[in-house]
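Structure file work-v1.txt; described as compact mmCIF, C-alpha atoms and all ligand atoms.
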```
# COMPACT_ATOMS: atom_id res chain seq x y z
CA MET R 879 10.23 -126.58 151.10
CA ILE R 880 10.52 -123.93 148.39
CA ALA R 881 12.53 -120.96 149.60
CA GLU R 882 11.19 -117.54 148.58
CA PRO R 883 11.34 -118.07 144.83
CA ASP R 884 8.42 -115.64 144.37
CA LEU R 885 10.70 -112.77 145.29
CA HIS R 886 13.85 -114.26 143.85
CA PRO R 887 13.20 -116.42 140.84
CA ILE R 888 15.99 -118.78 139.95
CA VAL R 889 17.44 -117.57 136.67
CA ARG R 890 19.44 -119.76 134.32
CA ILE R 891 21.11 -118.97 131.03
CA ALA R 892 20.56 -121.90 128.67
CA PRO R 893 23.16 -121.77 125.88
CA ALA R 894 22.94 -123.36 122.45
CA LYS R 895 25.52 -126.02 121.52
CA VAL R 896 27.45 -126.69 118.37
CA ASN R 897 28.98 -130.04 117.43
CA LEU R 898 32.54 -129.38 116.28
CA THR R 899 32.78 -133.10 115.47
CA LEU R 900 30.16 -135.85 115.27
CA ALA R 901 31.44 -139.37 114.69
CA ILE R 902 28.67 -141.99 114.71
CA GLY R 903 29.10 -145.69 115.36
CA PRO R 904 26.72 -148.48 114.38
CA ARG R 905 23.10 -148.62 115.46
CA ARG R 906 22.73 -150.27 118.86
CA PRO R 907 20.08 -152.83 119.86
CA ASP R 908 18.15 -150.02 121.64
CA GLY R 909 17.91 -148.07 118.35
CA TYR R 910 20.36 -145.34 119.36
CA HIS R 911 23.86 -144.89 117.95
CA GLU R 912 27.20 -144.71 119.75
CA LEU R 913 28.49 -141.16 119.47
CA HIS R 914 31.90 -139.54 119.72
CA SER R 915 31.30 -135.81 119.56
CA VAL R 916 33.08 -132.69 120.74
CA MET R 917 30.34 -130.29 121.73
CA VAL R 918 30.76 -126.67 122.79
CA PRO R 919 28.26 -124.22 124.28
CA ILE R 920 28.05 -120.89 122.45
CA GLY R 921 27.09 -117.39 123.56
CA LEU R 922 23.65 -117.58 121.95
CA ALA R 923 21.30 -118.51 124.79
CA ASP R 924 17.74 -118.74 126.06
CA ARG R 925 16.93 -117.37 129.51
CA LEU R 926 14.87 -119.41 131.94
CA SER R 927 13.45 -118.26 135.25
CA VAL R 928 11.72 -120.56 137.69
CA SER R 929 9.65 -119.63 140.73
CA ARG R 930 6.97 -121.11 142.96
CA GLY R 931 3.82 -121.97 140.99
CA HIS R 932 0.39 -120.88 142.11
CA GLY R 933 -1.68 -123.55 140.37
CA ALA R 934 -1.83 -127.27 140.91
CA GLU R 935 0.64 -128.04 138.12
CA ASP R 936 3.89 -126.78 136.70
CA SER R 937 3.38 -124.01 134.18
CA LEU R 938 5.39 -122.45 131.38
CA HIS R 939 5.20 -119.11 129.65
CA VAL R 940 7.33 -118.63 126.55
CA THR R 941 8.27 -115.35 124.89
CA GLY R 942 10.32 -114.72 121.76
CA GLU R 943 9.46 -118.00 120.10
CA ASP R 944 9.54 -117.91 116.35
CA GLY R 945 8.26 -120.74 114.24
CA PRO R 946 5.56 -123.25 115.06
CA PRO R 947 4.69 -124.02 118.70
CA ARG R 948 6.64 -126.96 120.07
CA PRO R 949 4.48 -130.03 120.45
CA ASP R 950 6.46 -131.44 123.35
CA ASP R 951 7.81 -128.89 125.74
CA LEU R 952 11.19 -129.77 127.09
CA VAL R 953 11.14 -127.26 129.98
CA LEU R 954 8.18 -129.04 131.55
CA ARG R 955 9.76 -132.41 130.82
CA GLY R 956 12.97 -131.25 132.52
CA ILE R 957 11.02 -130.25 135.65
CA ALA R 958 9.10 -133.54 135.62
CA ALA R 959 12.34 -135.53 135.30
CA ALA R 960 13.84 -133.54 138.20
CA ARG R 961 10.77 -134.25 140.34
CA ALA R 962 10.84 -137.99 139.62
CA ALA R 963 14.56 -138.19 140.41
CA ALA R 964 14.19 -136.04 143.55
CA ARG R 965 11.35 -138.22 144.78
CA ARG R 966 13.49 -141.34 144.33
CA SER R 967 16.35 -139.65 146.13
CA VAL R 968 14.60 -138.01 149.10
CA GLY R 969 11.54 -140.22 149.45
CA PRO R 970 7.80 -139.87 148.82
CA GLY R 971 7.19 -137.34 151.64
CA ALA R 972 9.32 -134.63 150.05
CA GLU R 973 7.58 -131.39 149.17
CA LEU R 974 8.27 -130.85 145.49
CA GLY R 975 5.63 -128.24 144.75
CA PRO R 976 4.53 -126.95 141.38
CA LEU R 977 6.81 -124.49 139.62
CA ALA R 978 6.16 -121.61 137.25
CA ALA R 979 8.74 -121.30 134.50
CA ARG R 980 9.26 -118.39 132.12
CA LEU R 981 11.39 -118.92 129.04
CA GLU R 982 12.80 -116.17 126.83
CA LYS R 983 13.57 -117.97 123.60
CA ARG R 984 16.40 -116.78 121.38
CA ILE R 985 17.88 -120.02 120.07
CA PRO R 986 16.30 -121.06 116.77
CA ILE R 987 14.24 -124.19 117.35
CA ALA R 988 14.75 -127.59 115.67
CA ALA R 989 18.01 -126.26 114.30
CA GLY R 990 20.73 -128.67 115.45
CA LEU R 991 21.59 -126.23 118.25
CA ALA R 992 19.86 -128.28 120.99
CA GLY R 993 18.06 -125.23 122.36
CA GLY R 994 15.19 -127.32 123.72
CA SER R 995 17.63 -129.75 125.36
CA SER R 996 19.50 -126.86 126.96
CA ASP R 997 16.21 -125.45 128.26
CA ALA R 998 15.43 -128.88 129.73
CA ALA R 999 18.82 -129.10 131.48
CA ALA R 1000 18.40 -125.58 132.86
CA ALA R 1001 14.87 -126.43 134.05
CA LEU R 1002 16.10 -129.62 135.71
CA GLU R 1003 18.83 -127.77 137.60
CA ALA R 1004 16.60 -124.83 138.51
CA ALA R 1005 13.85 -127.15 139.80
CA LEU R 1006 16.28 -129.01 142.05
CA GLU R 1007 17.57 -125.69 143.36
CA ALA R 1008 14.02 -124.45 144.00
CA TRP R 1009 13.23 -127.55 146.03
CA GLY R 1010 16.60 -127.55 147.76
CA VAL R 1011 17.38 -131.07 146.53
CA THR R 1012 20.89 -132.24 145.66
CA LEU R 1013 21.16 -135.34 143.49
CA ALA R 1014 24.18 -137.59 143.07
CA GLY R 1015 25.98 -136.89 139.77
CA HIS R 1016 24.85 -140.12 138.11
CA ASP R 1017 21.22 -139.52 139.13
CA ARG R 1018 21.31 -136.01 137.61
CA ILE R 1019 22.75 -137.42 134.39
CA ALA R 1020 20.19 -140.24 134.27
CA ALA R 1021 17.37 -137.71 134.80
CA ALA R 1022 18.77 -135.52 132.01
CA ALA R 1023 19.20 -138.49 129.64
CA SER R 1024 15.58 -139.52 130.28
CA VAL R 1025 14.52 -136.26 128.59
CA GLY R 1026 16.82 -136.57 125.54
CA SER R 1027 20.26 -137.58 124.31
CA ASP R 1028 21.59 -134.00 124.11
CA VAL R 1029 20.48 -132.97 127.61
CA PRO R 1030 23.34 -134.42 129.76
CA PHE R 1031 25.93 -132.34 127.85
CA PHE R 1032 24.45 -129.15 129.29
CA LEU R 1033 25.10 -130.28 132.86
CA ALA R 1034 28.84 -129.93 132.10
CA HIS R 1035 28.59 -126.15 131.54
CA GLY R 1036 31.47 -126.07 129.08
CA PRO R 1037 33.12 -127.84 126.13
CA ALA R 1038 32.88 -131.62 126.49
CA LEU R 1039 33.44 -134.93 124.79
CA VAL R 1040 30.10 -136.68 124.47
CA GLU R 1041 29.98 -140.46 124.05
CA GLY R 1042 27.60 -143.38 124.41
CA ARG R 1043 24.07 -142.34 123.50
CA GLY R 1044 24.91 -138.87 124.82
CA GLU R 1045 25.04 -139.65 128.54
CA GLN R 1046 28.84 -140.05 128.85
CA VAL R 1047 30.06 -136.48 129.16
CA THR R 1048 33.72 -135.66 129.79
CA PRO R 1049 34.45 -131.95 130.36
CA LEU R 1050 37.23 -130.51 128.15
CA ARG R 1051 38.13 -127.22 129.70
CA GLY R 1052 41.10 -126.43 127.49
CA LEU R 1053 39.96 -123.45 125.38
CA ARG R 1054 42.47 -120.77 126.29
CA GLY R 1055 42.83 -117.04 125.76
CA GLU R 1056 40.37 -114.86 123.90
CA PRO R 1057 37.15 -116.79 123.12
CA ALA R 1058 36.93 -118.03 119.54
CA GLY R 1059 34.27 -116.37 117.41
CA ILE R 1060 31.64 -118.45 115.67
CA LEU R 1061 29.22 -117.55 112.92
CA VAL R 1062 26.04 -119.59 113.13
CA VAL R 1063 23.78 -119.69 110.08
CA THR R 1064 20.40 -121.41 110.35
CA PRO R 1065 18.55 -121.82 107.05
CA ARG R 1066 14.79 -122.11 107.45
CA LEU R 1067 14.68 -125.78 106.52
CA HIS R 1068 13.32 -128.60 108.61
CA VAL R 1069 15.47 -131.64 109.37
CA SER R 1070 14.26 -134.46 111.62
CA THR R 1071 17.12 -135.83 113.73
CA ALA R 1072 15.49 -139.26 113.93
CA ALA R 1073 15.07 -139.31 110.12
CA ALA R 1074 18.72 -138.34 109.59
CA PHE R 1075 19.93 -141.18 111.84
CA ALA R 1076 17.56 -143.61 110.09
CA ARG R 1077 18.93 -142.55 106.66
CA LEU R 1078 22.43 -143.20 107.89
CA ASP R 1079 21.47 -146.83 108.58
CA GLU R 1080 19.37 -147.44 105.48
CA ASP R 1081 20.61 -145.42 102.52
CA PRO R 1082 24.06 -146.05 101.00
CA ASP R 1083 24.03 -142.50 99.58
CA ALA R 1084 23.75 -141.20 103.13
CA ALA R 1085 26.90 -142.94 104.33
CA PRO R 1086 29.64 -140.61 105.51
CA ALA R 1087 32.60 -140.17 103.14
CA ASP R 1088 34.93 -141.68 105.74
CA ARG R 1089 33.63 -142.68 109.18
CA ALA R 1090 37.06 -143.69 110.40
CA SER R 1091 38.46 -140.24 109.68
CA SER R 1092 35.62 -138.45 111.55
CA ARG R 1093 36.39 -140.57 114.56
CA VAL R 1094 40.13 -139.84 114.36
CA SER R 1095 39.47 -136.08 113.97
CA SER R 1096 37.07 -136.17 116.90
CA SER R 1097 39.58 -137.96 119.14
CA HIS R 1098 42.36 -135.56 118.11
CA LEU R 1099 40.26 -132.52 118.90
CA ALA R 1100 39.22 -133.95 122.27
CA ASP R 1101 42.89 -134.59 123.14
CA GLU R 1102 43.89 -131.10 122.04
CA LEU R 1103 41.09 -129.49 123.99
CA ARG R 1104 42.11 -131.45 127.03
CA ALA R 1105 45.69 -130.20 126.69
CA GLY R 1106 44.77 -126.59 125.84
CA LEU R 1107 43.92 -124.89 122.57
CA ARG R 1108 43.80 -121.21 121.66
CA ALA R 1109 41.20 -119.67 119.35
CA ASP R 1110 43.74 -119.29 116.51
CA ASP R 1111 44.67 -122.97 116.77
CA LEU R 1112 41.03 -124.01 116.74
CA VAL R 1113 40.40 -121.92 113.62
CA LEU R 1114 43.36 -123.64 111.90
CA ARG R 1115 41.58 -126.97 112.42
CA ALA R 1116 38.27 -125.80 110.92
CA GLY R 1117 38.90 -127.52 107.56
CA VAL R 1118 39.31 -130.92 109.21
CA LEU R 1119 36.44 -130.34 111.63
CA SER R 1120 34.06 -129.28 108.86
CA THR R 1121 34.37 -132.78 107.36
CA ALA R 1122 34.06 -134.60 110.69
CA ASN R 1123 30.27 -134.84 110.94
CA ASP R 1124 28.87 -138.24 109.94
CA LEU R 1125 25.33 -136.88 109.53
CA VAL R 1126 26.15 -134.40 106.73
CA ASN R 1127 25.36 -136.76 103.85
CA ALA R 1128 22.30 -138.18 105.60
CA THR R 1129 20.93 -134.67 106.10
CA ALA R 1130 21.70 -133.81 102.47
CA THR R 1131 19.68 -136.78 101.19
CA LEU R 1132 16.71 -135.47 103.20
CA VAL R 1133 17.20 -131.76 102.41
CA PRO R 1134 19.33 -131.40 99.26
CA GLU R 1135 19.08 -127.59 99.38
CA LEU R 1136 21.24 -127.57 102.49
CA ARG R 1137 24.28 -128.81 100.56
CA ARG R 1138 23.91 -125.91 98.12
CA VAL R 1139 23.57 -123.40 100.97
CA ARG R 1140 26.66 -124.85 102.62
CA ARG R 1141 28.74 -124.59 99.44
CA GLY R 1142 27.51 -121.06 98.77
CA LEU R 1143 28.34 -120.08 102.32
CA ALA R 1144 31.86 -121.51 102.14
CA ARG R 1145 32.41 -119.56 98.90
CA LEU R 1146 31.08 -116.29 100.33
CA LEU R 1147 32.96 -116.60 103.63
CA GLY R 1148 36.15 -118.00 102.10
CA ARG R 1149 36.50 -120.48 104.94
CA PRO R 1150 35.37 -123.99 105.89
CA VAL R 1151 31.74 -124.44 106.90
CA GLY R 1152 30.64 -127.25 109.22
CA GLN R 1153 27.22 -128.57 110.18
CA SER R 1154 25.97 -128.79 113.75
CA GLY R 1155 24.37 -132.15 114.58
CA SER R 1156 21.72 -133.12 112.06
CA GLY R 1157 21.47 -129.49 110.91
CA PRO R 1158 20.25 -127.34 109.36
CA THR R 1159 22.53 -124.98 111.33
CA LEU R 1160 25.92 -124.40 109.70
CA TRP R 1161 28.97 -122.84 111.38
CA ALA R 1162 32.24 -121.11 110.57
CA LEU R 1163 35.02 -120.40 113.08
CA TYR R 1164 36.84 -117.08 113.65
CA PRO R 1165 39.73 -115.97 115.87
CA SER R 1166 37.49 -113.52 117.75
CA ALA R 1167 33.90 -112.36 118.21
CA THR R 1168 34.76 -109.16 116.32
CA ASP R 1169 35.82 -111.15 113.25
CA ALA R 1170 32.65 -113.25 113.42
CA GLU R 1171 30.52 -110.08 113.71
CA ALA R 1172 32.18 -108.55 110.64
CA ALA R 1173 31.49 -111.75 108.70
CA ALA R 1174 27.85 -111.77 109.89
CA SER R 1175 27.34 -108.19 108.65
CA ALA R 1176 28.85 -108.98 105.25
CA LEU R 1177 26.76 -112.13 104.99
CA ALA R 1178 23.53 -110.31 105.86
CA VAL R 1179 24.24 -107.94 102.95
CA ALA R 1180 24.99 -110.87 100.62
CA GLN R 1181 21.74 -112.55 101.63
CA ALA R 1182 19.73 -109.34 101.11
CA GLU R 1183 21.30 -109.02 97.64
CA GLY R 1184 20.40 -112.60 96.77
CA ARG R 1185 23.99 -113.88 96.73
CA LEU R 1186 23.18 -116.48 99.41
CA GLU R 1187 20.50 -118.96 98.49
CA ALA R 1188 17.61 -118.86 101.01
CA PRO R 1189 15.52 -122.02 100.51
CA GLY R 1190 12.62 -122.88 102.79
CA ASP R 1191 10.47 -120.47 104.73
CA GLY R 1192 12.56 -117.29 104.47
CA PRO R 1193 16.02 -115.88 104.94
CA ALA R 1194 18.51 -117.80 107.05
CA GLN R 1195 19.14 -116.58 110.60
CA ILE R 1196 22.69 -115.26 110.90
CA ILE R 1197 24.19 -114.97 114.37
CA ALA R 1198 27.74 -114.05 115.42
CA THR R 1199 28.82 -115.10 118.91
CA THR R 1200 31.60 -116.83 120.82
CA ILE R 1201 32.41 -120.41 121.76
CA GLY R 1202 32.27 -121.39 125.39
CA GLY R 1203 29.36 -119.26 126.53
CA GLY R 1204 29.89 -116.32 128.82
CA ARG R 1205 28.31 -113.71 126.59
CA ASP R 1206 24.55 -113.61 126.65
CA GLY R 1207 24.23 -113.72 122.88
O1 LIG D 1 17.31 -138.79 122.47
P1 LIG D 1 16.58 -137.98 121.48
O2 LIG D 1 15.09 -138.21 121.54
O3 LIG D 1 16.90 -136.52 121.54
O4 LIG D 1 17.06 -138.46 120.05
C1 LIG D 1 16.36 -138.13 118.87
C2 LIG D 1 16.59 -139.22 117.83
O5 LIG D 1 17.94 -139.19 117.38
C3 LIG D 1 16.38 -140.61 118.35
O6 LIG D 1 15.05 -141.03 118.19
C4 LIG D 1 17.30 -141.44 117.49
O7 LIG D 1 16.66 -141.71 116.27
C5 LIG D 1 18.44 -140.49 117.17
N1 LIG D 1 19.62 -140.70 118.02
C6 LIG D 1 20.42 -141.81 117.81
N2 LIG D 1 21.53 -141.99 118.57
C7 LIG D 1 21.88 -141.11 119.52
C8 LIG D 1 21.10 -139.96 119.75
C9 LIG D 1 19.97 -139.78 118.98
O8 LIG D 1 20.10 -142.64 116.95
N3 LIG D 1 22.99 -141.31 120.24
```
Just give me the structure as structure tokens.
Amino acid sequence: MIAEPDLHPIVRIAPAKVNLTLAIGPRRPDGYHELHSVMVPIGLADRLSVSRGHGAEDSLHVTGEDGPPRPDDLVLRGIAAARAAARRSVGPGAELGPLAARLEKRIPIAAGLAGGSSDAAAALEAALEAWGVTLAGHDRIAAAASVGSDVPFFLAHGPALVEGRGEQVTPLRGLRGEPAGILVVTPRLHVSTAAAFARLDEDPDAAPADRASSRVSSSHLADELRAGLRADDLVLRAGVLSTANDLVNATATLVPELRRVRRGLARLLGRPVGQSGSGPTLWALYPSATDAEAAASALAVAQAEGRLEAPGDGPAQIIATTIGGGRDG
């Protein structure tokens, strides 16, 4: 039974994520890699609304998309995964009618920000709510993981330690005080996540400088976030965190321009610059949103004046926001 969603669509904010650390273990027999990653949602978000569909199938309308159309839409996959899991949970007779989803896209796509995965998690949760179905925690996570490795993180709705293939998510709710600011810079370069992981396995030049140290940094940060960390303290750790991503060299062998952009950015900002996931998004941490906004304005001027290299299909997207969500970026 779908309760009145025509009048009251279910609205979900689907935030982007940033990997503050990404330590990667060996390739597993299933082809995936063991991860140890501290992931945080940020204030930059898509907006999804879901209501009763009028056709025979689920539908999706997207606004605000920039870049090429996505070949494999994760909102519809999130709804399909929710339906399959709901059917297993409540039996074949359950009425799990078609849904109409509308997505306002703001998160740059294929950027290392997991926007599509966040949309899928939001769609999964909204679909269950529309049908009035509650799943056991492990069934929700399994449904999310069936869509993609980054999807289960978004069910935690906050900073989390992500392990396994991505399905082991431990909430870390220890960011205290004023939200930390974050500057997110997305050069218009394409990086395939699967190709970056494959490089890591196959190309000695793509090996991380020191895998053991990424893992130690990742564990330290998880412990500190568990205990409680203020924005200033997080910013003090940015130098260590910026070197704690095991995909940086792999990405650089695929897209050498990204290394130059990263160095140029660190020089212009005068602070450490990290990479989110397989990139191309780069980040810098600030004590507050106001500081990040000031840096974004200065960087936009530098880019317009040609002081920041802009390889690929145009100028980099520069976004100032906060860590931990809350603000609709
Ligand atoms: O799960 P998802 O399809 O989002 O993952 C994209 C690609 O990233 C996978 O095909 C795999 O090559 C790589 N990956 C991995 N280990 C993980 C997560 C992703 O090797 N834990």
Please write out the residues within 12 Å of ligand LIG 1 (chain D) as number ranges by chain, counting only C-alpha atoms and all ligand atoms. R: 900-915, 950, 952, 988, 990-996, 998, 1022-1031, 1040-1046, 1069-1079, 1124-1125, 1155-1156
Using all atoms listed in the file, pick whichever of R:Ala923, R:Leu1186, R:Ala960, R:Leu1143 has the shortest atom-to-atom distance to Pro986 (chain R). R:Ala923
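Proximity of R:Leu1163, R:Ala1000, R:Ile1060, R:Ala1182 to Ile1197 (chain R), computed with all atoms listed in the file, is greatest for R:Ile1060.
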Using all atoms listed in the file, the best pick from R:Leu1061, R:Ile1201, R:Val1094, R:Gly1157 as closest to Arg1108 (chain R) would be R:Ile1201
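Residue nearest Ala1014 (chain R) within the list R:Ser967, R:Pro1158, R:Tyr1164, R:Gly1055: R:Ser967 [criterion: smallest interatomic distance, all atoms listed in the file].
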Ranking R:Ser1097, R:Ser1120, R:Ser927, R:Ser1166 by minimum distance to Ile888 (chain R) and counting all atoms listed in the file, which one comes first?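 Checking each of R:Ser1097, R:Ser1120, R:Ser927, R:Ser1166 against Ile888 (chain R), counting all atoms listed in the file, the winner is R:Ser927.
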What separates CA of Ala989 (chain R) and CA of Thr1064 (chain R) is a distance of 6.7 Å
Contacts of Arg1145 (chain R) at 12 Å (all atoms listed in the file; same-chain gap of 4+ positions) as an NGL selection string: :R and (1138-1141 or 1149-1151 or 1162 or 1177 or 1180 or 1185-1187)
